[in-house]
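One structure below.
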Amino acid sequence: MTDIIIDKTQNCVKKYQKVELLAPAGNMEKLETALHFGADAVYFAGKKFGLRAFAGNFTDSEIARAVEIAHAANAKAYITLNIFASNSDFDGLADYLKVLQNAHVDAVLVSDVGVLDFVKEHSDLPIHISTQANTTNKYAVAHWKALGAARVVLAREVPLREIREIADFCPDVQLEAFVHGAMCVSYSGRCLMSNYLSNRNSNRGECVQACRWQWQVREVSRDDWMPVYEDERGSYIFNSKDMNMLSHLPELIDAGVVSLKIEGRMKSAFYVATVVAAYRRALDAIAQGKFTPELIAALQEELNKASHRDYTTGFYFDEQASRQFYDSSKAVEEYKFIAVVREVHDGYIVVEQRNKFIVGDSLEVLTLGEQCGKSFTVSCARDEDGNELTVCSKVQQLITVNCPYSLAVGDILRRKV
């Protein structure tokens with residue numbers, strides 16, 4: 001957790017607050033990546049009860065190991081139990097809660113009042129209210145507190161001015177808010193489009209993301225279909241832009257948000273590394289009074305290096321700019337994840353390959369250190385048997401390459417597309 005001091009120049013009062021950077025962890029690699037790049041907490045799911053059924057997710061034993069890894073890094077681990085539960089979902093839930101409690105999970109996220117009561121009855125686990133609960137006002141937050149919740153993840157539709165009012169009205173409730181990542185076209189994620197079109201229940205973790213498809217419409221009395229488009233390329237009328245609140249972090253913190261949440265359990269480890277590192281650097285700079293326009297611009301460039309759609313600030317401000325991305329459902333990918341550092345030596349490193357590269361390529365460093373963004377040319381590469389390579393094309397093979405920078409195990413090499 002970062003100690004943040006916001007200088008409120010209008011009344012010369014300084015506000016002290018602990019701020020948590022909360023990162024997604026769809027599997028063990030992403031969890032370790034998030035922690036390496038500075039996350040204060042991670043959220044993930046077991047094999048059921050969560051809203052990302054097609055993320056890697058964690059077995060019971062993996063949950064225990066993941067919590068152990070997080071705690072060793074002085075970070076917290078939260079588990080999602082935020083499906084919209086049916087009667088049958090409660091079968092086995094009591095045993096699962098025992099697994100989570102024995103693993104020393106720091107909190108569980110729920111969206112259903114029945115699940116909340118069940119968690120209270122069968123465990124001592126702290127409870128966070130998921131954004132799926134659609135909490136949009138101060139009275140709802142106060143009610144969740146009365147029901148036993150320690151934290152509420154606000155709906156994405158809550159504007160910044162109302163977050164401030166909620167924090168003032170409910171000072172003893174932690175407020176969590178999304179700051180980065182994909183946005184759902186439906187209200188706080190309550191959507192049935194996937195159910196209707198593919199029989200995959202979005203409210204039970206199986207969303208097919210039909211909102212990202214290209215659509216046409218037909219007036220019912222006519223036989224011909226008419227495309228709906230912004231220009232000649234067609235239209236993705238339900239396709240939301242991605243949220244990006246990096247430049248507005250001081251405003252969110254000053255409004256009373258104590259946990260800044262990054263979306264993306266289905267995203268790659270490279271995405272997690274890039275986004276978490278940028279927000280970590282931003283929060284550290286805010287704490288040090290060094291959150292300058294120059295740094296903000298540099299960090300925005302870093303965020304552009306991860307797969308993304310056009311950015312928006314969502315519903316935080318009363319702006320009328322479009323929140324929809326009409327051109328395509330495909331995200332922009334400016335950089336490739338080339339390798340992760342596994343060993344560090346004087347003048348060279350051992351990396352685990354993720355994508356093809358060749359001797360002569362210019363690779364860029366992703367790290368929390370001063371070398372972040374610096375490049376070097378690969379002049380030599382050897383496999384595990386010491387054989388010289390000119391083309392490195394085997395995923396997950398260990399390769400020794402030259403490196404002029406002082407890196408750390410877990411740092412990443414990337415290459416501009």
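Each chain in the structure tokens gets a letter, A, B and so on, in the order shown; residues start at 1 in every chain, and ligands are counted from 1 in the order they appear.
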With a distance cut-off of 8 Å and only C-alpha atoms, select the neighbouring residues of Glu263 (chain A), excluding the residue or stretch itself and same-chain residues fewer than 2 positions from it, and output the selection as a short mmCIF file (atom, residue, chain, number, x, y, z; two decimals) with N, CA and C atoms, in the first residue's frame.
data_model
loop_
_atom_site.label_atom_id
_atom_site.label_comp_id
_atom_site.auth_asym_id
_atom_site.auth_seq_id
_atom_site.Cartn_x
_atom_site.Cartn_y
_atom_site.Cartn_z
N ALA A 23 -4.54 -5.79 -8.75
CA ALA A 23 -4.29 -6.31 -10.09
C ALA A 23 -4.99 -7.64 -10.32
N PRO A 24 -5.32 -7.94 -11.58
CA PRO A 24 -5.96 -9.22 -11.92
C PRO A 24 -4.94 -10.35 -11.99
N PHE A 178 -12.70 0.77 -10.34
CA PHE A 178 -11.90 0.39 -11.50
C PHE A 178 -11.21 1.63 -12.08
N VAL A 179 -9.95 1.44 -12.46
CA VAL A 179 -9.20 2.54 -13.07
C VAL A 179 -8.72 2.23 -14.47
N HIS A 180 -8.69 0.94 -14.85
CA HIS A 180 -8.12 0.60 -16.16
C HIS A 180 -8.66 -0.73 -16.66
N GLY A 181 -8.89 -0.78 -17.98
CA GLY A 181 -9.24 -2.05 -18.61
C GLY A 181 -10.53 -2.01 -19.38
N ALA A 182 -10.95 -3.16 -19.87
CA ALA A 182 -12.15 -3.27 -20.69
C ALA A 182 -13.39 -2.87 -19.90
N LYS A 261 -8.48 -0.51 -9.00
CA LYS A 261 -8.59 -1.85 -9.56
C LYS A 261 -8.35 -1.86 -11.06
N ARG A 265 -8.46 -10.27 -15.94
CA ARG A 265 -8.06 -11.65 -15.62
C ARG A 265 -7.94 -12.53 -16.85
#
Item to complete: List the neighbours of Thr136 (chain A) out to 8 Å using only C-alpha atoms; skip same-chain residues closer than 6 positions along the sequence, and give me the result as number ranges by chain.
Response: A: 154-155, 157-158
Write to file, as a CSV table (one decimal), in the first residue's frame, the residues of the selection just made, with N, CA and C atoms.
chain,number,residue,atom,x,y,z
A,154,LEU,N,-17.4,-0.1,-6.2
A,154,LEU,CA,-18.5,0.7,-6.8
A,154,LEU,C,-18.8,0.4,-8.3
A,155,ALA,N,-20.0,0.5,-8.7
A,155,ALA,CA,-20.4,0.3,-10.1
A,155,ALA,C,-19.6,1.3,-11.0
A,157,GLU,N,-20.5,3.0,-13.2
A,157,GLU,CA,-21.4,4.1,-13.7
A,157,GLU,C,-21.4,5.3,-12.7
A,158,VAL,N,-20.7,5.2,-11.5
A,158,VAL,CA,-20.7,6.2,-10.5
A,158,VAL,C,-19.8,7.3,-10.9
Item to complete: Select, from A:Ser375, A:Arg342, A:Ile163, A:Ile253, the residue with the minimum atom-to-atom distance to Ala287 (chain A), counting only C-alpha atoms.
Response: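 The closest residue to Ala287 (chain A) is A:Ile253.
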Worksheet item: Taking into account only C-alpha atoms, which residue in the set A:Arg164, A:Arg382, A:Lys305, A:Arg280 is nearest to His36 (chain A)?
Response: A:Arg280
Worksheet item: For Val276 (chain A), which residue out of A:Glu251, A:Asp383, A:Ala339, A:Leu303 is the nearest one, using only C-alpha atoms?
Response: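 Checking each of A:Glu251, A:Asp383, A:Ala339, A:Leu303 against Val276 (chain A), counting only C-alpha atoms, the winner is A:Leu303.
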Wanna dump the region 305-388 of chain A-region 401-416 of chain A contacts at 8 Å for me, each residue with its shortest atom pair and the distance in Å to one decimal, counting only C-alpha atoms, ordered by chain and number, as a tab-separated table?
residue	atom	partner	partner_atom	distance
A:Glu334	CA	A:Lys416	CA	6.0
A:Tyr335	CA	A:Lys416	CA	4.3
A:Lys336	CA	A:Arg415	CA	5.2
A:Phe337	CA	A:Arg414	CA	4.8
A:Ile338	CA	A:Arg414	CA	4.9
A:Ala339	CA	A:Leu413	CA	5.2
A:Val340	CA	A:Ile412	CA	4.5
A:Val341	CA	A:Val409	CA	5.1
A:Arg342	CA	A:Val409	CA	5.1
A:Glu343	CA	A:Val409	CA	5.8
A:Val344	CA	A:Ala408	CA	6.6
A:Gly347	CA	A:Cys403	CA	5.5
A:Tyr348	CA	A:Asn402	CA	4.2
A:Ile349	CA	A:Val401	CA	5.6
A:Val350	CA	A:Val401	CA	6.4
A:Val351	CA	A:Val401	CA	7.6
A:Ser362	CA	A:Arg415	CA	6.9
A:Leu363	CA	A:Arg415	CA	5.1
A:Glu364	CA	A:Arg414	CA	5.2
A:Val365	CA	A:Leu413	CA	4.9
A:Leu366	CA	A:Ile412	CA	5.0
A:Thr367	CA	A:Asp411	CA	5.3
A:Gly369	CA	A:Leu407	CA	7.7
A:Gln371	CA	A:Tyr405	CA	6.9
A:Phe376	CA	A:Cys403	CA	7.0
A:Val378	CA	A:Asn402	CA	6.4
A:Ser379	CA	A:Asn402	CA	6.7
A:Cys380	CA	A:Val401	CA	5.8
A:Ala381	CA	A:Val401	CA	4.7
A:Arg382	CA	A:Val401	CA	6.8
Dump as a PDB file, in the first residue's frame, selection limited to N, CA and C atoms:
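Output file out_14.pdb is given in full below:
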ATOM      1  N   GLU A 334       0.802  -2.839 -30.060  1.00  0.00           N
ATOM      2  CA  GLU A 334       1.974  -2.154 -30.591  1.00  0.00           C
ATOM      3  C   GLU A 334       3.278  -2.884 -30.279  1.00  0.00           C
ATOM      4  N   TYR A 335       3.277  -3.709 -29.235  1.00  0.00           N
ATOM      5  CA  TYR A 335       4.489  -4.414 -28.818  1.00  0.00           C
ATOM      6  C   TYR A 335       4.191  -5.888 -28.601  1.00  0.00           C
ATOM      7  N   LYS A 336       5.183  -6.709 -28.837  1.00  0.00           N
ATOM      8  CA  LYS A 336       5.107  -8.146 -28.589  1.00  0.00           C
ATOM      9  C   LYS A 336       5.881  -8.504 -27.320  1.00  0.00           C
ATOM     10  N   PHE A 337       5.317  -9.424 -26.574  1.00  0.00           N
ATOM     11  CA  PHE A 337       5.976 -10.001 -25.404  1.00  0.00           C
ATOM     12  C   PHE A 337       6.999 -11.006 -25.918  1.00  0.00           C
ATOM     13  N   ILE A 338       8.281 -10.713 -25.737  1.00  0.00           N
ATOM     14  CA  ILE A 338       9.338 -11.563 -26.290  1.00  0.00           C
ATOM     15  C   ILE A 338       9.844 -12.589 -25.282  1.00  0.00           C
ATOM     16  N   ALA A 339      10.126 -12.166 -24.060  1.00  0.00           N
ATOM     17  CA  ALA A 339      10.706 -13.111 -23.086  1.00  0.00           C
ATOM     18  C   ALA A 339      10.616 -12.536 -21.683  1.00  0.00           C
ATOM     19  N   VAL A 340      10.705 -13.437 -20.711  1.00  0.00           N
ATOM     20  CA  VAL A 340      10.755 -13.037 -19.309  1.00  0.00           C
ATOM     21  C   VAL A 340      12.111 -13.449 -18.746  1.00  0.00           C
ATOM     22  N   VAL A 341      12.702 -12.602 -17.933  1.00  0.00           N
ATOM     23  CA  VAL A 341      14.036 -12.851 -17.383  1.00  0.00           C
ATOM     24  C   VAL A 341      13.956 -13.904 -16.280  1.00  0.00           C
ATOM     25  N   ARG A 342      14.787 -14.963 -16.409  1.00  0.00           N
ATOM     26  CA  ARG A 342      14.814 -16.021 -15.409  1.00  0.00           C
ATOM     27  C   ARG A 342      16.100 -16.037 -14.594  1.00  0.00           C
ATOM     28  N   GLU A 343      17.197 -15.587 -15.175  1.00  0.00           N
ATOM     29  CA  GLU A 343      18.473 -15.494 -14.450  1.00  0.00           C
ATOM     30  C   GLU A 343      19.178 -14.206 -14.872  1.00  0.00           C
ATOM     31  N   VAL A 344      19.934 -13.653 -13.937  1.00  0.00           N
ATOM     32  CA  VAL A 344      20.667 -12.417 -14.210  1.00  0.00           C
ATOM     33  C   VAL A 344      22.142 -12.635 -13.902  1.00  0.00           C
ATOM     34  N   GLY A 347      26.561  -8.963 -17.539  1.00  0.00           N
ATOM     35  CA  GLY A 347      26.699  -8.815 -18.976  1.00  0.00           C
ATOM     36  C   GLY A 347      25.752  -9.667 -19.803  1.00  0.00           C
ATOM     37  N   TYR A 348      25.027 -10.588 -19.164  1.00  0.00           N
ATOM     38  CA  TYR A 348      24.073 -11.395 -19.919  1.00  0.00           C
ATOM     39  C   TYR A 348      22.947 -11.870 -19.004  1.00  0.00           C
ATOM     40  N   ILE A 349      21.884 -12.327 -19.614  1.00  0.00           N
ATOM     41  CA  ILE A 349      20.724 -12.814 -18.880  1.00  0.00           C
ATOM     42  C   ILE A 349      20.232 -14.112 -19.522  1.00  0.00           C
ATOM     43  N   VAL A 350      19.524 -14.912 -18.738  1.00  0.00           N
ATOM     44  CA  VAL A 350      18.840 -16.091 -19.250  1.00  0.00           C
ATOM     45  C   VAL A 350      17.352 -15.781 -19.261  1.00  0.00           C
ATOM     46  N   VAL A 351      16.732 -15.929 -20.435  1.00  0.00           N
ATOM     47  CA  VAL A 351      15.321 -15.582 -20.566  1.00  0.00           C
ATOM     48  C   VAL A 351      14.512 -16.797 -21.002  1.00  0.00           C
ATOM     49  N   SER A 362      16.233  -5.426 -31.954  1.00  0.00           N
ATOM     50  CA  SER A 362      16.302  -4.469 -30.855  1.00  0.00           C
ATOM     51  C   SER A 362      15.176  -4.791 -29.881  1.00  0.00           C
ATOM     52  N   LEU A 363      15.531  -5.132 -28.645  1.00  0.00           N
ATOM     53  CA  LEU A 363      14.553  -5.477 -27.622  1.00  0.00           C
ATOM     54  C   LEU A 363      14.508  -4.385 -26.557  1.00  0.00           C
ATOM     55  N   GLU A 364      13.321  -4.163 -26.047  1.00  0.00           N
ATOM     56  CA  GLU A 364      13.110  -3.115 -25.047  1.00  0.00           C
ATOM     57  C   GLU A 364      12.828  -3.739 -23.692  1.00  0.00           C
ATOM     58  N   VAL A 365      13.243  -3.077 -22.634  1.00  0.00           N
ATOM     59  CA  VAL A 365      13.140  -3.592 -21.274  1.00  0.00           C
ATOM     60  C   VAL A 365      11.891  -3.053 -20.585  1.00  0.00           C
ATOM     61  N   LEU A 366      11.142  -3.939 -19.938  1.00  0.00           N
ATOM     62  CA  LEU A 366      10.044  -3.554 -19.059  1.00  0.00           C
ATOM     63  C   LEU A 366      10.433  -3.949 -17.641  1.00  0.00           C
ATOM     64  N   THR A 367      10.632  -2.959 -16.809  1.00  0.00           N
ATOM     65  CA  THR A 367      11.086  -3.172 -15.444  1.00  0.00           C
ATOM     66  C   THR A 367      10.615  -2.002 -14.601  1.00  0.00           C
ATOM     67  N   GLY A 369      12.724  -0.614 -12.639  1.00  0.00           N
ATOM     68  CA  GLY A 369      13.958   0.138 -12.463  1.00  0.00           C
ATOM     69  C   GLY A 369      14.111   1.271 -13.462  1.00  0.00           C
ATOM     70  N   GLN A 371      15.932   1.470 -15.923  1.00  0.00           N
ATOM     71  CA  GLN A 371      16.175   1.024 -17.294  1.00  0.00           C
ATOM     72  C   GLN A 371      14.880   0.826 -18.090  1.00  0.00           C
ATOM     73  N   PHE A 376      18.197  -2.576 -26.300  1.00  0.00           N
ATOM     74  CA  PHE A 376      19.516  -3.082 -26.630  1.00  0.00           C
ATOM     75  C   PHE A 376      19.389  -4.038 -27.808  1.00  0.00           C
ATOM     76  N   VAL A 378      20.262  -7.515 -29.662  1.00  0.00           N
ATOM     77  CA  VAL A 378      20.710  -8.876 -29.384  1.00  0.00           C
ATOM     78  C   VAL A 378      21.874  -9.190 -30.322  1.00  0.00           C
ATOM     79  N   SER A 379      23.044  -9.374 -29.739  1.00  0.00           N
ATOM     80  CA  SER A 379      24.226  -9.663 -30.559  1.00  0.00           C
ATOM     81  C   SER A 379      24.626 -11.127 -30.501  1.00  0.00           C
ATOM     82  N   CYS A 380      24.148 -11.835 -29.472  1.00  0.00           N
ATOM     83  CA  CYS A 380      24.431 -13.269 -29.385  1.00  0.00           C
ATOM     84  C   CYS A 380      23.328 -13.958 -28.588  1.00  0.00           C
ATOM     85  N   ALA A 381      23.060 -15.194 -28.951  1.00  0.00           N
ATOM     86  CA  ALA A 381      22.045 -15.989 -28.268  1.00  0.00           C
ATOM     87  C   ALA A 381      22.478 -17.446 -28.274  1.00  0.00           C
ATOM     88  N   ARG A 382      22.286 -18.113 -27.116  1.00  0.00           N
ATOM     89  CA  ARG A 382      22.653 -19.525 -26.994  1.00  0.00           C
ATOM     90  C   ARG A 382      21.525 -20.294 -26.325  1.00  0.00           C
TER      91      ARG A 382
END
